[in-house]
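Visitor: Just passing along the structure, written as structure tokens.
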Amino acid sequence: MSLYDEVAALFAERGDEEYHGEPVSQTEHALQTAHFAAQAGHSDAVVVASLLHDIGHLLHTEGEDAAEHGIDTHHEVLGERWLAERFGPEIAEPARLHVEAKRYLCATDAAYRAGLSPASQLSLELQGGPMSAEEVTAFEQNPYFREAVALRRCDDQGKIPGLEVPPLSHYRDLIEGFALTRV
Ligand code: FE
């Protein structure tokens with residue numbers, strides 16, 4: 001199975017599920033986030049990372065080590081691992097950092113924080129609240145910090161019910177182009 005086919009199968013199976021208390025499905029959210037990344041002129045890597053940043057929510061949770069992880073973080077850990085096994089850091093890192101990027105933006109951009117959806121405001125505290133000054137400085141040292149922040153801003157936009165955007169197949173060549181060669 002090609003990597004695109006693997007991605008398409010995950011969205012076909014679980015993509016109709018609701019996205020974290022927002023008025024869109026997982027598939028709508030992923031496609032809108034990628035669309036906004038492309039529209040903003042971000043790199044192809046950021047577009048693909050945007051498309052796949054919540055892939056952990058589409059993965060099966062009955063993995064052999066499911067009990068090792070807390071319920072809240074399990075999907076994120078699964079998603080991180082899934083991406084890192086299939087793509088280089090230019091895709092895996094911005095996706096992995098999308099919650100930290102929210103905490104960063106809430107600490108550094110008052111308008112961003114004020115513009116968060118009610119569900120996203122609510123989850124902020126569970127995610128650790130805005131970053132401290134030390135955390136902000138440390139986050140800015142990450143080589144994928146700019147990409148993570150760019151992805152995050154698109155992530156927050158991708159919650160519009162009924163918005164018409166390109167389908168998953170539009171990203172087939174991009175996904176395949178960034179796929180690690182598998183042995
Ligand atoms: Fe998201």
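Each chain in the structure tokens gets a letter, A, B, ..., in the order shown, and its residues are numbered from 1; ligands are numbered from 1 in order too.
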For chain A against ligand 1, with a cut-off of 8 Å and counting only C-alpha atoms and all ligand atoms, what is the closest atom pair and its distance in Å to one decimal for every residue that makes the cut, ordered by chain and number, as a Markdown table?
Guide:
```
| residue | atom | partner | partner_atom_place_in_ligand_line | distance |
| --- | --- | --- | --- | --- |
| A:Tyr19 | CA | ligand 1 | 1 (Fe) | 7.8 |
| A:His29 | CA | ligand 1 | 1 (Fe) | 6.7 |
| A:Ala30 | CA | ligand 1 | 1 (Fe) | 7.1 |
| A:Thr33 | CA | ligand 1 | 1 (Fe) | 7.6 |
| A:His53 | CA | ligand 1 | 1 (Fe) | 6.4 |
| A:Asp54 | CA | ligand 1 | 1 (Fe) | 5.5 |
| A:His98 | CA | ligand 1 | 1 (Fe) | 7.8 |
| A:Arg152 | CA | ligand 1 | 1 (Fe) | 7.8 |
| A:Asp155 | CA | ligand 1 | 1 (Fe) | 4.9 |
| A:Asp156 | CA | ligand 1 | 1 (Fe) | 7.0 |
| A:Gly158 | CA | ligand 1 | 1 (Fe) | 7.6 |
```
Visitor: Extract, using only C-alpha atoms, all DNA, RNA and protein residues at most 7 Å from Phe11 of chain A, discarding same-chain residues fewer than 3 positions from it, and format them as an MDAnalysis selection string.
Guide: chainID A and resid 7:8 14:15 27 58
Visitor: What would the file look like if the residues just selected were written as a PDB file, in the first residue's frame with all heavy atoms?
Guide:
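File written: part.pdb
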```pdb
ATOM      1  N   VAL A   7      -2.910   6.810   4.256  1.00  0.00           N
ATOM      2  CA  VAL A   7      -3.527   8.029   4.799  1.00  0.00           C
ATOM      3  C   VAL A   7      -5.013   8.069   4.428  1.00  0.00           C
ATOM      4  O   VAL A   7      -5.879   8.328   5.275  1.00  0.00           O
ATOM      5  CB  VAL A   7      -2.797   9.287   4.260  1.00  0.00           C
ATOM      6  CG1 VAL A   7      -3.590  10.555   4.562  1.00  0.00           C
ATOM      7  CG2 VAL A   7      -1.393   9.383   4.863  1.00  0.00           C
ATOM      8  N   ALA A   8      -5.310   7.778   3.165  1.00  0.00           N
ATOM      9  CA  ALA A   8      -6.696   7.836   2.690  1.00  0.00           C
ATOM     10  C   ALA A   8      -7.561   6.827   3.443  1.00  0.00           C
ATOM     11  O   ALA A   8      -8.721   7.113   3.782  1.00  0.00           O
ATOM     12  CB  ALA A   8      -6.744   7.577   1.188  1.00  0.00           C
ATOM     13  N   ARG A  14     -12.044   6.849   9.927  1.00  0.00           N
ATOM     14  CA  ARG A  14     -12.320   7.603  11.159  1.00  0.00           C
ATOM     15  C   ARG A  14     -12.544   9.095  10.930  1.00  0.00           C
ATOM     16  O   ARG A  14     -12.835   9.830  11.877  1.00  0.00           O
ATOM     17  CB  ARG A  14     -11.130   7.471  12.142  1.00  0.00           C
ATOM     18  CG  ARG A  14     -10.710   6.051  12.496  1.00  0.00           C
ATOM     19  CD  ARG A  14     -11.467   5.481  13.686  1.00  0.00           C
ATOM     20  NE  ARG A  14     -11.496   6.328  14.864  1.00  0.00           N
ATOM     21  CZ  ARG A  14     -10.599   6.315  15.847  1.00  0.00           C
ATOM     22  NH1 ARG A  14      -9.555   5.507  15.791  1.00  0.00           N
ATOM     23  NH2 ARG A  14     -10.740   7.091  16.896  1.00  0.00           N
ATOM     24  N   GLY A  15     -12.410   9.559   9.710  1.00  0.00           N
ATOM     25  CA  GLY A  15     -12.413  10.999   9.442  1.00  0.00           C
ATOM     26  C   GLY A  15     -13.730  11.701   9.691  1.00  0.00           C
ATOM     27  O   GLY A  15     -13.766  12.924   9.826  1.00  0.00           O
ATOM     28  N   THR A  27     -11.830  15.014   9.116  1.00  0.00           N
ATOM     29  CA  THR A  27     -11.423  15.186   7.718  1.00  0.00           C
ATOM     30  C   THR A  27     -11.549  16.642   7.290  1.00  0.00           C
ATOM     31  O   THR A  27     -10.621  17.198   6.674  1.00  0.00           O
ATOM     32  CB  THR A  27     -12.278  14.297   6.790  1.00  0.00           C
ATOM     33  OG1 THR A  27     -12.054  12.925   7.147  1.00  0.00           O
ATOM     34  CG2 THR A  27     -11.917  14.512   5.328  1.00  0.00           C
ATOM     35  N   LEU A  58      -6.860   9.479  14.347  1.00  0.00           N
ATOM     36  CA  LEU A  58      -7.457   8.521  13.410  1.00  0.00           C
ATOM     37  C   LEU A  58      -6.861   7.123  13.569  1.00  0.00           C
ATOM     38  O   LEU A  58      -7.306   6.181  12.921  1.00  0.00           O
ATOM     39  CB  LEU A  58      -7.256   8.997  11.967  1.00  0.00           C
ATOM     40  CG  LEU A  58      -7.727  10.416  11.655  1.00  0.00           C
ATOM     41  CD1 LEU A  58      -7.473  10.747  10.186  1.00  0.00           C
ATOM     42  CD2 LEU A  58      -9.206  10.586  11.976  1.00  0.00           C
TER      43      LEU A  58
END
```
Visitor: Between A:Tyr112, A:Tyr4, A:Phe36, A:Tyr171, which is the closest to Leu151 of chain A once you count only C-alpha atoms?
Guide: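 Looking only at the distances to Leu151 of chain A, the closest residue turns out to be A:Phe36.
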Visitor: So which residues touch segment 104-111 of chain A within 9 Å, counting only C-alpha atoms, skipping near sequence neighbours fewer than 5 positions away, as a list in words?
Guide: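 Returned residues: Val99, Leu116, Leu124, Gly129, Pro130, Met131, Ser132, Ala133, Glu135, Val136, Phe139, Val149, Arg152 and Arg153 of chain A.
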Visitor: Among segment 11-181 of chain A, which ones does DSSP assign to helix (DSSP H, G or I) (computed from the backbone)? Answer as a ChimeraX atom specification.
Guide: /A:11-14,26-39,44-52,55-58,66-68,71-86,89-96,98-108,110-114,118-126,133-139,145-157,168-178
Visitor: I'd like the neighbourhood of segment 75-77 of chain A as a list of chain:residue names, where a residue qualifies if any of its atoms comes within 8 Å (using only C-alpha atoms), though same-chain residues fewer than 5 positions away should be ignored.
Guide: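 My list of contacting residues is A:Asp54, A:Gly56, A:His57, A:Leu59, A:Thr61, A:Arg96.
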Visitor: Please determine, counting only C-alpha atoms, which residue among A:Gln39, A:Glu6, A:Asp16, A:Phe178 has the shortest atom-to-atom distance to Ile91 of chain A.
Guide: A:Phe178
